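**Student:** What follows is a structure written as C-alpha cells; I'll ask about it next.
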Amino acid sequence: MSTAVGGTTRPCPECGARVPVDDRFTVWCAACDWNVDPGEHQEKQEKAKEAERRGRRTRPTGPGRLEEARRALARRHGERLHAEVTRDGADLRARRDGASVLAYVIALAVHGVTAALLFGGVACLVWGWGSGLMLLGAVLLAMAVALRPRLSPPLGDGTVLRRADAPELYALVDEVAEAVGTRGVDTISVGKEINAGVMSRGLRGRRALDLGLPLWEVLTPQQRVALLGHELGHYGNGDTRHGRVVGSALRSLATWRYYFLPTARPSLVEMIVNAVYAVPLLLVQGTLTLLDHLTLRATQRAEYLADREAARTASTEAAVGLMDRMLVLDSIDVFLRRESNSAALAGTRSARGNAAGARDGDGLWTRLAAHMASVPEHEYERQRRVGARRGHSVDSTHPPTHLRRACLLAGPPAAAAVVLGEARQQRIDAELATARARVARGIVRDGVA
C-alpha cells in the first residue's frame with residue numbers, strides 16, 4: 001500500500017486504479033465501481049438460496065414482501081415525479097388530483113363505518129332497552145370505541161419543550177416558518193430517534209415538531225435550518241396522507257388490521273376465529289393498500305416541494321448537505337449502538353458511570369459529531385452511487401434520495417433566507433442542554449431502539 005492524503009491506497013483488482021482504504025468503510029473503486037455495493041451480491045445469493053430451497057423463482061418472501069413492493073412503487077413514482085418537477089416551466093404548486101379525491105372519499109367511507117357502529121350501538125341500547133338488543137348494542141359500542149379514528153399518532157418518549165423552556169429555538173422555528181409561508185409549531189419534542197417530523201394533533205390541529213437529537217447533533221447550523229424548512233414545508237403542500245381525514249383513516253385501518261390478524265399457534269376455538277376473521281382482514285388490508293397507493297404520489301410530490309422549501313430557506317448547499325447526511329444514517333445508528341453496547345459490556349457500574357459522565361450531553365454528542373465528521377467523501381460518493389442503483393429512500397413513502405438530491409441541483413442555487421449564526425446556535429444548545437443530557441443517558445442505558 002502507498003500512503004495517500006489522509007490515509008492509504010491500494011490498487012483496484014479490476015482496473016488497477018488507486019483506491020483509498022479506510023478500515024471503517026467499504027473499500028471500492030470510483031473508476032470502475034468495483035465493490036461499490038458489496039451487499040448487492042450477497043442479497044442475490046441469499047434470494048437465490050431461498051428460492052432454491054422453496055422450489056420457486058426468486059422473489060421477495062416473508063413480512064418484508066409488501067414493504068419491498070411499496071419501495072418499488074415509490075421508486076417508479078419518484079422517477080416520474082423527478083422528470084416532472086425538473087422540466088422547464090413545471091408547475092410545482094401543490095394540487096389535488098383524482099387519486100387524492102378518491103383517497104378522500106375512501107377515508108370518509110372508513111370513518112363512516114365507525115360512525116355506523118356508533119349509531120347502531122346507541123340505537124340498540126335505546127330501542128332495545130330491557131331486551132337482548134342491549135348486548136348487541138354494547139358490543140357495537142365497544143367496537144366503535146376500539147376502532148375509532150385516531151386524530152394523532154401516538155406520542156413518543158421524547159422531552160417536550162414549551163416556549164418558555166426554549167425561546168431561542170422556538171424563535172428560529174418561527175423565523176423558518178415565516179420564510180416558508182406558514183406558521184410555527186405549538187410544541188417541540190426532542191428524543192433519541194434518528195429522524196425528525198411534524199404532525200397535527202387533536203381536533204384543533206395543534207402543530208408538533210419532533211426533533212431526533214442524534215440527527216440534529218450531526219448537522220451543521222445551516223443544515224439544521226434546512227431540516228426545519230423541509231419539515232415545516234409539509235404544511236400546505238398537498239400531502240393528503242398527513243391530513244386529518246386521510247391520515248386518521250390510515251391509522252384506523254392499521255388498528256383494524258391489528259385486531260383481525262390471525263392468532264399464532266391457535267387453539268381449536270382460535271382457529272375458528274381466525275377463519276371468521278379471514279375475509280374482514282382481506283377487506284381491511286385491501287382498503288389499506290389501495291389508500292396507501294392512492295396517496296403515495298401526492299406524498300412524494302410533497303417531499304419534493306418540502307425539499308424546495310429547505311433549499312429556499314437554508315440555501316441549496318445546505319439542503320444538499322442534509323440529503324447527503326440522510327445517506328449515512330446507518331453510520332449514526334451503528335455508532336450509537338456501539339456506545340450502548342460498550343457501556344453494557346463494561347458492566348452495570350461502568351454503564352452508570354458512563355451515563356453520569358454524559359450528564360451534560362457533551363460526551364456522547366461530541367464523540368458522535370467527531371465520528372460523522374470523519375466520514376470520508378469517498379464513502380458519501382459510494383452511498384450516492386449505491387442509492388442510484390438501489391433507489392435508496394428514507395422509507396417507502398419518500399422518493400429515491402439520489403433523485404431528490406438531483407432535483408435540488410437541477411435549478412439555479414438558492415441563497416439562504418434564514419442564517420443560523422454561531423452565537424444563536426450556542427444559545428439554542430444551552431436551551432437543549434438538559435434534554436441532550438437526558439437523551440444521551442437514555443441511549444447509553446437503553447440503546448436507540
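Residue numbering restarts at 1 for every chain of the C-alpha cells, chains are lettered A, B, ... in their displayed order, and ligands are numbered from 1 as they appear.
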May I have all residues of segment 125-279 of chain A that DSSP, computed from the backbone, assigns to strand (DSSP E or B), given as an MDAnalysis selection string?
**Tutor:** chainID A and resid 159:161 187:191 196:201 206:212
**Student:** Within 10 Å of Gly181 of chain A, counting only C-alpha atoms, which residues show up once you throw out same-chain ones fewer than 5 positions away? Write them as a PyMOL selection string, please.
**Tutor:** chain A and resi 175-176+232-233+235-236+309
**Student:** I need the residues from that last selection saved to file as a compact mmCIF listing (two decimals), in the first residue's frame (with N, CA, C and O atoms), if you can.
**Tutor:**
```txt
# COMPACT_ATOMS: atom_id res chain seq x y z
N GLU A 175 -39.11 31.83 12.62
CA GLU A 175 -38.48 32.55 11.51
C GLU A 175 -38.46 31.68 10.26
O GLU A 175 -38.72 32.15 9.14
N VAL A 176 -38.14 30.39 10.43
CA VAL A 176 -38.15 29.47 9.29
C VAL A 176 -39.57 29.31 8.75
O VAL A 176 -39.79 29.30 7.54
N LEU A 232 -41.34 21.99 8.07
CA LEU A 232 -42.41 22.98 8.06
C LEU A 232 -43.00 23.15 6.67
O LEU A 232 -44.16 23.54 6.53
N GLY A 233 -42.20 22.82 5.65
CA GLY A 233 -42.71 22.89 4.28
C GLY A 233 -43.80 21.89 3.99
O GLY A 233 -44.51 22.01 2.99
N TYR A 235 -46.50 21.56 5.66
CA TYR A 235 -47.80 22.17 5.89
C TYR A 235 -48.23 22.93 4.63
O TYR A 235 -47.52 23.79 4.13
N GLY A 236 -49.37 22.60 4.12
CA GLY A 236 -49.92 23.31 2.98
C GLY A 236 -49.34 22.90 1.64
O GLY A 236 -49.47 23.63 0.66
N GLU A 309 -38.48 23.95 -0.31
CA GLU A 309 -38.57 24.92 0.78
C GLU A 309 -37.30 24.90 1.63
O GLU A 309 -36.85 25.95 2.12
```
**Student:** Please report, as a PyMOL selection string, each residue of segment 176-381 of chain A to which DSSP assigns alpha helix (DSSP H) when run on this structure's backbone.
**Tutor:** chain A and resi 176-180+213-216+221-232+244-260+268-314+316-327+329-345+348-357+362-373+377-381
**Student:** As a ChimeraX atom specification, please: the residues near Gly212 of chain A (cut-off 10 Å, only C-alpha atoms, same-chain neighbours under 2 positions excluded).
**Tutor:** /A:158,189-197,209-210,214-217,439
**Student:** What is the distance between atom CA of Arg257 of chain A and atom CA of Val284 of chain A, in Å to one decimal?
**Tutor:**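 Atom CA of Arg257 of chain A sits 6.2 Å away from atom CA of Val284 of chain A.
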**Student:** Of the candidates A:Gly112, A:Pro13, A:Gly98, A:Gly128, which one gets nearest to Thr295 of chain A if we count only C-alpha atoms?
**Tutor:**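 Using only C-alpha atoms, Thr295 of chain A sits closest to A:Gly98.
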**Student:** Would you please work out which residue, of A:Phe260, A:Leu228, A:Met134, A:His293, is nearest to Leu169 of chain A when using only C-alpha atoms?
**Tutor:** A:Leu228
**Student:** Between A:Ala264, A:Ala370, A:Val444, A:Ala414, which one has atoms that come closest to Ala346 of chain A, using only C-alpha atoms?
**Tutor:**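 The closest residue to Ala346 of chain A is A:Val444.
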**Student:** May I have the residues within 8 Å of Met323 of chain A as a list in words, using only C-alpha atoms and disregarding those fewer than 2 positions away in the same chain?
**Tutor:**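 Near Met323 of chain A, the qualifying residues are Ala319, Val320, Gly321, Arg325, Met326, Leu327, Thr401, Arg404 and Arg405 of chain A.
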